[in-house]
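Engineer: Structure file coords08.tsv (TSV, C-alpha atoms) right here:
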```tsv
chain	number	residue	atom	x	y	z
A	1	MET	CA	-14.81	-8.65	4.36
A	2	ARG	CA	-13.49	-6.03	6.78
A	3	GLY	CA	-16.99	-5.39	8.09
A	4	MET	CA	-17.30	-9.10	8.76
A	5	LEU	CA	-14.18	-9.04	10.92
A	6	GLY	CA	-15.46	-5.97	12.71
A	7	GLU	CA	-18.64	-7.82	13.62
A	8	TYR	CA	-16.63	-10.55	15.32
A	9	LEU	CA	-14.32	-8.13	17.12
A	10	PRO	CA	-16.49	-7.90	20.28
A	11	ILE	CA	-16.62	-11.71	20.50
A	12	ALA	CA	-12.87	-11.97	20.10
A	13	LEU	CA	-12.38	-9.27	22.74
A	14	LEU	CA	-14.75	-11.03	25.13
A	15	ALA	CA	-13.00	-14.36	24.58
A	16	GLY	CA	-9.64	-12.70	25.22
A	17	LEU	CA	-10.91	-11.06	28.40
A	18	ALA	CA	-12.39	-14.33	29.65
A	19	LEU	CA	-9.09	-16.13	29.01
A	20	LEU	CA	-7.16	-13.33	30.74
A	21	PHE	CA	-9.48	-13.49	33.75
A	22	ALA	CA	-9.16	-17.27	34.11
A	23	VAL	CA	-5.37	-17.29	33.70
A	24	GLY	CA	-5.04	-14.20	35.91
A	25	SER	CA	-7.04	-15.62	38.80
A	26	LEU	CA	-5.20	-18.94	38.68
A	27	ALA	CA	-1.83	-17.17	38.56
A	28	ALA	CA	-2.77	-14.78	41.38
A	29	SER	CA	-3.98	-17.60	43.62
A	30	ALA	CA	-0.84	-19.63	42.86
A	31	LEU	CA	1.34	-16.66	43.87
A	32	LEU	CA	-0.58	-15.68	46.99
A	33	ARG	CA	-1.58	-18.97	48.61
A	34	PRO	CA	0.62	-21.12	50.80
A	35	SER	CA	1.21	-24.44	49.07
A	36	ARG	CA	0.43	-27.35	51.40
A	37	PRO	CA	-1.37	-29.94	49.30
A	38	THR	CA	-3.04	-32.97	50.85
A	39	PRO	CA	-4.87	-35.70	48.91
A	40	ALA	CA	-8.20	-34.33	50.14
A	41	LYS	CA	-7.37	-30.84	48.88
A	42	LEU	CA	-6.29	-32.13	45.49
A	43	ALA	CA	-9.48	-34.13	44.98
A	44	PRO	CA	-11.79	-32.76	42.27
A	45	TYR	CA	-14.51	-31.82	44.73
A	46	GLU	CA	-17.82	-30.41	43.47
A	47	CYS	CA	-17.17	-32.19	40.16
A	48	GLY	CA	-19.50	-35.14	40.64
A	49	ILE	CA	-18.52	-38.69	41.37
A	50	GLU	CA	-14.81	-39.41	41.24
A	51	PRO	CA	-14.00	-41.34	38.08
A	52	VAL	CA	-13.26	-44.99	38.60
A	53	ARG	CA	-11.52	-47.00	35.94
A	54	LEU	CA	-13.67	-49.75	34.45
A	55	PRO	CA	-12.24	-53.25	34.83
A	56	ALA	CA	-10.60	-54.55	31.67
A	57	GLY	CA	-13.17	-55.82	29.19
A	58	GLU	CA	-16.00	-53.92	30.85
A	59	ARG	CA	-17.91	-51.62	28.52
A	60	PHE	CA	-20.04	-48.56	29.01
A	61	SER	CA	-23.80	-48.89	28.95
A	62	VAL	CA	-25.26	-48.76	25.46
A	63	ARG	CA	-27.62	-46.03	26.64
A	64	PHE	CA	-24.74	-43.56	26.35
A	65	TYR	CA	-24.72	-44.39	22.65
A	66	LEU	CA	-28.40	-43.53	22.27
A	67	VAL	CA	-27.92	-40.19	24.01
A	68	ALA	CA	-24.88	-39.43	21.82
A	69	MET	CA	-26.81	-40.26	18.66
A	70	LEU	CA	-29.72	-38.07	19.78
A	71	PHE	CA	-27.28	-35.23	20.36
A	72	ILE	CA	-25.63	-35.63	16.96
A	73	ILE	CA	-28.91	-35.80	15.09
A	74	PHE	CA	-30.31	-32.72	16.74
A	75	ASP	CA	-26.97	-31.00	16.24
A	76	VAL	CA	-27.30	-31.58	12.48
A	77	GLU	CA	-30.86	-30.31	12.67
A	78	VAL	CA	-29.86	-27.13	14.46
A	79	ILE	CA	-27.32	-26.29	11.77
A	80	PHE	CA	-30.20	-26.03	9.28
A	81	LEU	CA	-32.06	-23.67	11.59
A	82	PHE	CA	-29.24	-21.15	11.27
A	83	PRO	CA	-29.59	-20.19	7.54
A	84	TRP	CA	-33.35	-20.54	7.92
A	85	ALA	CA	-33.44	-18.00	10.74
A	86	VAL	CA	-31.30	-15.56	8.74
A	87	ALA	CA	-33.50	-15.82	5.63
A	88	PHE	CA	-36.72	-16.15	7.60
A	89	ARG	CA	-38.35	-12.87	6.49
A	90	GLU	CA	-37.69	-13.46	2.80
A	91	LEU	CA	-38.99	-17.03	2.94
A	92	GLY	CA	-42.25	-16.19	4.69
A	93	LEU	CA	-44.95	-18.77	5.39
A	94	PHE	CA	-43.53	-21.29	2.92
A	95	GLY	CA	-40.27	-21.43	4.83
A	96	LEU	CA	-42.12	-21.85	8.12
A	97	VAL	CA	-44.11	-24.83	6.83
A	98	GLU	CA	-40.98	-26.31	5.31
A	99	MET	CA	-39.11	-26.13	8.59
A	100	ALA	CA	-42.11	-27.46	10.54
A	101	VAL	CA	-42.21	-30.58	8.31
A	102	PHE	CA	-38.45	-30.97	8.72
A	103	LEU	CA	-38.60	-30.75	12.50
A	104	ALA	CA	-41.73	-32.87	12.86
A	105	LEU	CA	-40.19	-35.87	11.09
A	106	VAL	CA	-37.28	-36.13	13.50
A	107	LEU	CA	-39.43	-35.22	16.48
A	108	VAL	CA	-41.54	-38.33	15.85
A	109	ALA	CA	-38.53	-40.54	16.49
A	110	TYR	CA	-37.60	-38.50	19.55
A	111	VAL	CA	-41.06	-38.92	21.05
A	112	TYR	CA	-40.83	-42.66	20.32
A	113	VAL	CA	-37.56	-42.93	22.26
A	114	TRP	CA	-38.95	-40.86	25.09
A	115	ARG	CA	-42.21	-42.81	25.44
A	116	GLY	CA	-40.42	-46.14	25.11
A	117	GLY	CA	-38.40	-45.35	28.23
A	118	GLY	CA	-35.11	-45.04	26.36
A	119	LEU	CA	-34.30	-41.88	28.27
A	120	ASP	CA	-35.15	-43.27	31.73
A	121	TRP	CA	-31.88	-43.32	33.60
A	122	SER	CA	-32.68	-46.15	36.01
A	123	ALA	CA	-30.31	-48.92	37.01
A	124	GLU	CA	-32.21	-51.71	35.25
A	125	GLY	CA	-31.90	-50.26	31.81
A	126	PRO	CA	-34.51	-49.09	29.32
A	127	ARG	CA	-37.86	-50.58	30.18
A	128	PRO	CA	-40.08	-51.48	27.27
A	129	ARG	CA	-43.11	-51.76	29.51
A	130	ALA	CA	-42.62	-48.48	31.37
A	131	THR	CA	-46.26	-47.47	31.25
A	132	HIS	CA	-47.36	-50.81	32.71
A	133	GLU	CA	-45.00	-50.50	35.67
A	134	ARG	CA	-45.98	-46.93	36.29
A	135	ALA	CA	-49.60	-48.02	36.52
A	136	ARG	CA	-48.65	-50.63	39.11
A	137	GLU	CA	-46.83	-48.00	41.16
A	138	VAL	CA	-49.91	-45.83	41.15
A	139	VAL	CA	-51.97	-48.77	42.40
A	140	ARG	CA	-49.44	-49.47	45.16
A	141	ALA	CA	-49.40	-45.85	46.22
A	142	GLY	CA	-53.14	-46.00	46.59
B	1	MET	CA	0.06	-7.26	7.65
B	2	THR	CA	-3.63	-6.59	8.08
B	3	ALA	CA	-5.60	-7.70	11.13
B	4	GLN	CA	-7.03	-10.53	9.07
B	5	GLU	CA	-3.59	-11.84	8.18
B	6	TYR	CA	-2.47	-11.60	11.80
B	7	ALA	CA	-5.50	-13.53	12.99
B	8	PHE	CA	-4.98	-16.13	10.27
B	9	SER	CA	-1.33	-16.62	11.22
B	10	VAL	CA	-2.21	-17.23	14.86
B	11	LEU	CA	-5.03	-19.63	13.93
B	12	ALA	CA	-2.89	-21.50	11.41
B	13	LEU	CA	-0.09	-21.92	13.93
B	14	LEU	CA	-2.52	-23.18	16.59
B	15	GLY	CA	-4.11	-25.58	14.14
B	16	VAL	CA	-0.80	-27.02	12.92
B	17	VAL	CA	0.60	-27.47	16.43
B	18	ALA	CA	-2.60	-29.18	17.57
B	19	ALA	CA	-2.64	-31.36	14.44
B	20	VAL	CA	0.90	-32.55	15.14
B	21	ARG	CA	-0.12	-33.34	18.72
B	22	VAL	CA	-3.11	-35.35	17.44
B	23	VAL	CA	-0.79	-37.89	15.85
B	24	THR	CA	1.92	-37.78	18.51
B	25	ALA	CA	-0.21	-37.85	21.68
B	26	ARG	CA	0.20	-41.09	23.67
B	27	ASN	CA	-3.35	-41.04	25.02
B	28	VAL	CA	-6.17	-41.45	22.49
B	29	VAL	CA	-8.51	-39.18	24.48
B	30	HIS	CA	-5.89	-36.43	24.47
B	31	ALA	CA	-5.56	-36.89	20.72
B	32	ALA	CA	-9.33	-36.34	20.39
B	33	LEU	CA	-9.06	-33.15	22.44
B	34	TYR	CA	-6.24	-31.88	20.22
B	35	LEU	CA	-8.45	-32.72	17.26
B	36	VAL	CA	-11.04	-30.34	18.74
B	37	ALA	CA	-8.45	-27.55	18.69
B	38	THR	CA	-7.46	-28.32	15.10
B	39	LEU	CA	-11.04	-28.41	13.82
B	40	ALA	CA	-11.96	-25.27	15.75
B	41	SER	CA	-9.05	-23.36	14.22
B	42	VAL	CA	-10.21	-24.46	10.76
B	43	GLY	CA	-13.71	-23.22	11.63
B	44	ALA	CA	-12.33	-19.88	12.78
B	45	ALA	CA	-10.38	-19.64	9.51
B	46	TYR	CA	-13.66	-20.07	7.60
B	47	LEU	CA	-15.15	-17.25	9.67
B	48	LEU	CA	-12.14	-15.09	8.78
B	49	LEU	CA	-12.76	-15.76	5.09
B	50	GLY	CA	-16.31	-14.48	5.48
B	51	ALA	CA	-17.88	-17.93	5.03
B	52	GLU	CA	-19.99	-17.64	8.15
B	53	PHE	CA	-22.28	-20.59	7.51
B	54	VAL	CA	-19.47	-23.00	6.66
B	55	GLY	CA	-17.56	-21.80	9.71
B	56	TRP	CA	-20.44	-22.53	12.07
B	57	VAL	CA	-21.14	-25.86	10.40
B	58	GLN	CA	-17.49	-26.73	10.99
B	59	ILE	CA	-17.70	-25.74	14.64
B	60	LEU	CA	-21.10	-27.26	15.43
B	61	ILE	CA	-20.83	-30.46	13.42
B	62	TYR	CA	-17.13	-31.29	13.50
B	63	VAL	CA	-16.12	-29.91	16.89
B	64	GLY	CA	-19.48	-30.80	18.42
B	65	ALA	CA	-20.71	-33.98	16.86
B	66	ILE	CA	-17.84	-35.78	15.13
B	67	VAL	CA	-15.51	-35.59	18.11
B	68	ILE	CA	-18.32	-36.81	20.37
B	69	LEU	CA	-18.73	-39.72	17.97
B	70	PHE	CA	-15.00	-40.48	18.22
B	71	LEU	CA	-15.07	-40.40	22.01
B	72	PHE	CA	-18.14	-42.59	22.18
B	73	GLY	CA	-16.56	-44.96	19.70
B	74	LEU	CA	-13.62	-45.27	22.10
B	75	MET	CA	-15.87	-45.67	25.12
B	76	LEU	CA	-18.29	-48.22	23.72
B	77	THR	CA	-15.84	-50.47	21.95
B	78	ARG	CA	-12.95	-52.30	23.53
B	79	ALA	CA	-10.45	-49.83	22.17
B	80	PRO	CA	-7.55	-49.14	24.52
B	81	ILE	CA	-8.23	-45.70	26.02
B	82	GLY	CA	-5.44	-45.03	28.47
B	83	ARG	CA	-1.69	-44.72	28.12
B	84	GLU	CA	-1.33	-48.23	26.79
B	85	ALA	CA	-2.85	-47.07	23.49
B	86	LEU	CA	-1.48	-49.00	20.59
B	87	ASP	CA	1.18	-47.53	18.40
B	88	ASN	CA	0.66	-48.85	14.91
B	89	PRO	CA	3.98	-50.09	13.48
B	90	GLY	CA	2.69	-49.86	9.90
B	91	ARG	CA	2.55	-46.08	9.82
B	92	LEU	CA	4.86	-45.57	6.84
B	93	VAL	CA	2.21	-46.17	4.17
B	94	PRO	CA	-0.43	-43.85	5.70
B	95	ALA	CA	2.25	-41.21	6.21
B	96	LEU	CA	3.21	-41.43	2.53
B	97	ILE	CA	-0.44	-41.24	1.44
B	98	ALA	CA	-1.03	-38.21	3.68
B	99	LEU	CA	2.07	-36.50	2.29
B	100	ALA	CA	0.93	-37.18	-1.29
B	101	VAL	CA	-2.52	-35.74	-0.56
B	102	LEU	CA	-0.94	-32.68	1.07
B	103	ALA	CA	1.37	-32.15	-1.91
B	104	GLY	CA	-1.57	-32.50	-4.31
B	105	LEU	CA	-3.68	-29.98	-2.37
B	106	VAL	CA	-0.84	-27.47	-2.10
B	107	GLY	CA	-0.15	-27.82	-5.84
B	108	LEU	CA	-3.84	-27.33	-6.62
B	109	LEU	CA	-4.12	-24.24	-4.43
B	110	LEU	CA	-0.92	-22.73	-5.78
B	111	GLY	CA	-2.16	-23.37	-9.34
B	112	ALA	CA	-5.47	-21.64	-8.58
B	113	PHE	CA	-4.27	-18.73	-6.49
B	114	GLY	CA	-0.55	-18.42	-7.11
B	115	TRP	CA	1.38	-15.84	-5.14
B	116	GLY	CA	-0.58	-12.62	-5.28
B	117	ASP	CA	-3.00	-12.62	-8.21
B	118	PRO	CA	-5.79	-15.17	-7.80
B	119	ARG	CA	-6.90	-16.78	-11.04
B	120	VAL	CA	-10.12	-17.96	-9.44
B	121	GLU	CA	-12.78	-15.46	-8.44
B	122	LEU	CA	-13.87	-15.89	-4.81
B	123	ALA	CA	-17.63	-16.15	-4.49
B	124	HIS	CA	-18.91	-14.36	-1.41
B	125	ALA	CA	-22.00	-16.08	-0.03
B	126	PRO	CA	-23.53	-14.63	3.11
B	127	THR	CA	-25.71	-16.90	5.21
B	128	GLY	CA	-28.94	-15.28	4.04
B	129	VAL	CA	-28.18	-16.19	0.42
B	130	VAL	CA	-27.30	-19.75	1.45
B	131	GLY	CA	-30.60	-19.98	3.31
B	132	GLU	CA	-32.65	-18.63	0.43
B	133	SER	CA	-31.16	-21.00	-2.10
B	134	LEU	CA	-31.45	-23.93	0.32
B	135	PHE	CA	-35.09	-23.32	1.21
B	136	ARG	CA	-36.31	-22.11	-2.21
B	137	ARG	CA	-34.44	-24.14	-4.79
B	138	TYR	CA	-33.51	-27.28	-2.87
B	139	VAL	CA	-36.72	-27.94	-0.95
B	140	LEU	CA	-36.92	-31.65	-1.70
B	141	PRO	CA	-33.29	-32.51	-0.89
B	142	PHE	CA	-33.69	-30.54	2.32
B	143	GLU	CA	-36.72	-32.56	3.39
B	144	ALA	CA	-34.91	-35.72	2.33
B	145	VAL	CA	-32.20	-34.83	4.86
B	146	SER	CA	-34.89	-35.04	7.51
B	147	PHE	CA	-35.67	-38.60	6.41
B	148	VAL	CA	-31.98	-39.51	6.57
B	149	LEU	CA	-31.81	-38.15	10.11
B	150	LEU	CA	-34.94	-40.11	11.01
B	151	ALA	CA	-33.40	-43.28	9.60
B	152	ALA	CA	-30.22	-42.67	11.61
B	153	LEU	CA	-32.21	-42.22	14.80
B	154	ILE	CA	-34.28	-45.35	14.17
B	155	GLY	CA	-31.07	-47.26	13.53
B	156	ALA	CA	-29.66	-46.04	16.85
B	157	ILE	CA	-32.85	-47.09	18.66
B	158	VAL	CA	-32.79	-50.56	17.10
B	159	LEU	CA	-29.11	-51.04	17.92
B	160	SER	CA	-29.42	-49.98	21.54
B	161	ARG	CA	-32.70	-51.72	22.30
B	162	LYS	CA	-32.76	-54.65	24.65
B	163	ASP	CA	-34.36	-57.65	23.04
B	164	GLU	CA	-37.43	-58.76	24.90
B	165	PRO	CA	-36.90	-62.11	26.63
```
Would you kindly transcribe this structure into C-alpha cells?
Structural biologist:
Amino acid sequence: MRGMLGEYLPIALLAGLALLFAVGSLAASALLRPSRPTPAKLAPYECGIEPVRLPAGERFSVRFYLVAMLFIIFDVEVIFLFPWAVAFRELGLFGLVEMAVFLALVLVAYVYVWRGGGLDWSAEGPRPRATHERAREVVRAG
Amino acid sequence: MTAQEYAFSVLALLGVVAAVRVVTARNVVHAALYLVATLASVGAAYLLLGAEFVGWVQILIYVGAIVILFLFGLMLTRAPIGREALDNPGRLVPALIALAVLAGLVGLLLGAFGWGDPRVELAHAPTGVVGESLFRRYVLPFEAVSFVLLAALIGAIVLSRKDEP
C-alpha cells in the first residue's frame, strides 16, 4: 500500500506545482498591474462566443443530447479498456478478440450516427438525406 | 500520522465541504460543479486505499459522465438553471432519510472495523487481477455490457431523430 502511494507521488507533486504556478501567476499579475478595468477588458476574450441567455421556454438543440450520450457511452467503454490493457499480456489473443467484439458492437451504432448525418453541425439540423444533398452539390460544382 | 492519513484527512475535508455546498448552493449549475469536487475526492480516496480500478471508474464515470448527464438534463429540460432555482419546501423528509442512511452506514462500518482492529479482512485487488477475472471468467457478461451500450446508443438516436415529414 505504501508503494502504491509512492507511485502517485509524482502526479501529486505535478498537480501541486501546476496549482502553485496558476495561483502564483494570478497573484503576481494582480500585485504588479495597475487596476483600471473597462467593460472591454473584462470581457472573456479568446473564449469563443459570449454566452447569451436563452429566452424563457427556449430549449437547447436536441443534438447536444446525442453528443452527450455518445460521450457517456464511449466513456463507459474506455473504462473497460483500462483493466484489459493492464492484463493484456496474460490474456493474449483471446483477450484481443474479446475486446475487438466488444468495441465493434458499439462502433456499429457510431458509424450509423455518423453516416446518418447526426454529427453534422449545420443550422438546419440532422439531415436524413445527407448523401443525396451532397451528390447535388457535386453536380452544381461541376 | 502517516502520509496516507494526512492525504485522507485533506481529501475528506474537501469532500465534505463540497458536499455541503452541493445542497446549499443557490445556482443548480454551481451545485453540479461542487458535486464534481465531492465525487473526485471520493475517487482519490479509493486511489489512496489501493483500489486503483475503482478509483478511476469513479473519476471517469461519475466525474466525467454522470455530471455531464446532470448538466445536460438541466439544459435540455425546462428546469430553472439560474439564480431563481427552486428551493423545495418539503426538504424535511429527505433530510431525515439521508440522516437515517448515514447513521446506518456509520453503524455498519463501525461494526465491521471498530476503532483499531478490523474484523473484516481487506481484499487487495490490483487492476491486473480485476482484468484477468473480468476477461477470463466473466466473458459473456462483459460482451452483454456491449449490447447494453448499443441499446443505449440506439435509444439516444431514436429519441433525437427528427421525424421525416
Engineer: Could you tell me which residues of chain B sit within 6 Å of chain A when counting all atoms listed in the file, and give me the result as an mmCIF file with C-alpha atoms, keeping the file's coordinate frame?
Structural biologist:
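And here's out_23.cif as it stands now:
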```cif
data_model
loop_
_atom_site.group_PDB
_atom_site.id
_atom_site.type_symbol
_atom_site.label_atom_id
_atom_site.label_comp_id
_atom_site.auth_asym_id
_atom_site.auth_seq_id
_atom_site.Cartn_x
_atom_site.Cartn_y
_atom_site.Cartn_z
ATOM 1 C CA ALA B 65 -20.710 -33.980 16.860
ATOM 2 C CA LEU B 76 -18.290 -48.220 23.720
ATOM 3 C CA THR B 127 -25.710 -16.900 5.210
ATOM 4 C CA GLY B 128 -28.940 -15.280 4.040
ATOM 5 C CA GLY B 131 -30.600 -19.980 3.310
ATOM 6 C CA GLU B 132 -32.650 -18.630 0.430
ATOM 7 C CA GLU B 143 -36.720 -32.560 3.390
ATOM 8 C CA SER B 146 -34.890 -35.040 7.510
ATOM 9 C CA LEU B 150 -34.940 -40.110 11.010
ATOM 10 C CA SER B 160 -29.420 -49.980 21.540
#
```
Engineer: Listed atoms of stretch 123-132 of chain B, axis-aligned box, 6 Å per side: centre and edge lengths to one decimal in Å, as JSON?
Structural biologist:
```
{"center_x": -25.1, "center_y": -17.2, "center_z": 0.4, "size_x": 27.0, "size_y": 17.6, "size_z": 21.7}
```
Engineer: How many Å separate atom CA of B:Val145 from atom CA of B:Val57?
Structural biologist: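 Atom CA of B:Val57 lies at a distance of 15.3 Å from atom CA of B:Val145.
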Engineer: In Å, with one decimal, what is the gap from atom CA of A:Tyr45 to atom CA of A:Ala15?
Structural biologist: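 These two atoms are separated by 26.7 Å.
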Engineer: Identify which of the residues B:Val28, B:Ile154, B:Leu105, B:Pro126 lies closest to B:Gly55, counting all atoms listed in the file when measuring atom-to-atom distances.
Structural biologist: B:Pro126
Engineer: Could you tell me which of B:Val129, B:Ile59, B:Leu33, B:Val17 comes closest to B:Leu47 if we count all atoms listed in the file?
Structural biologist: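 Smallest distance to B:Leu47 is found for B:Ile59.
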Engineer: What is the distance, in Å and to one decimal place, between atom CA of B:His124 and atom CA of B:Leu49?
Structural biologist: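 Distance reported for this atom pair: 9.1 Å.
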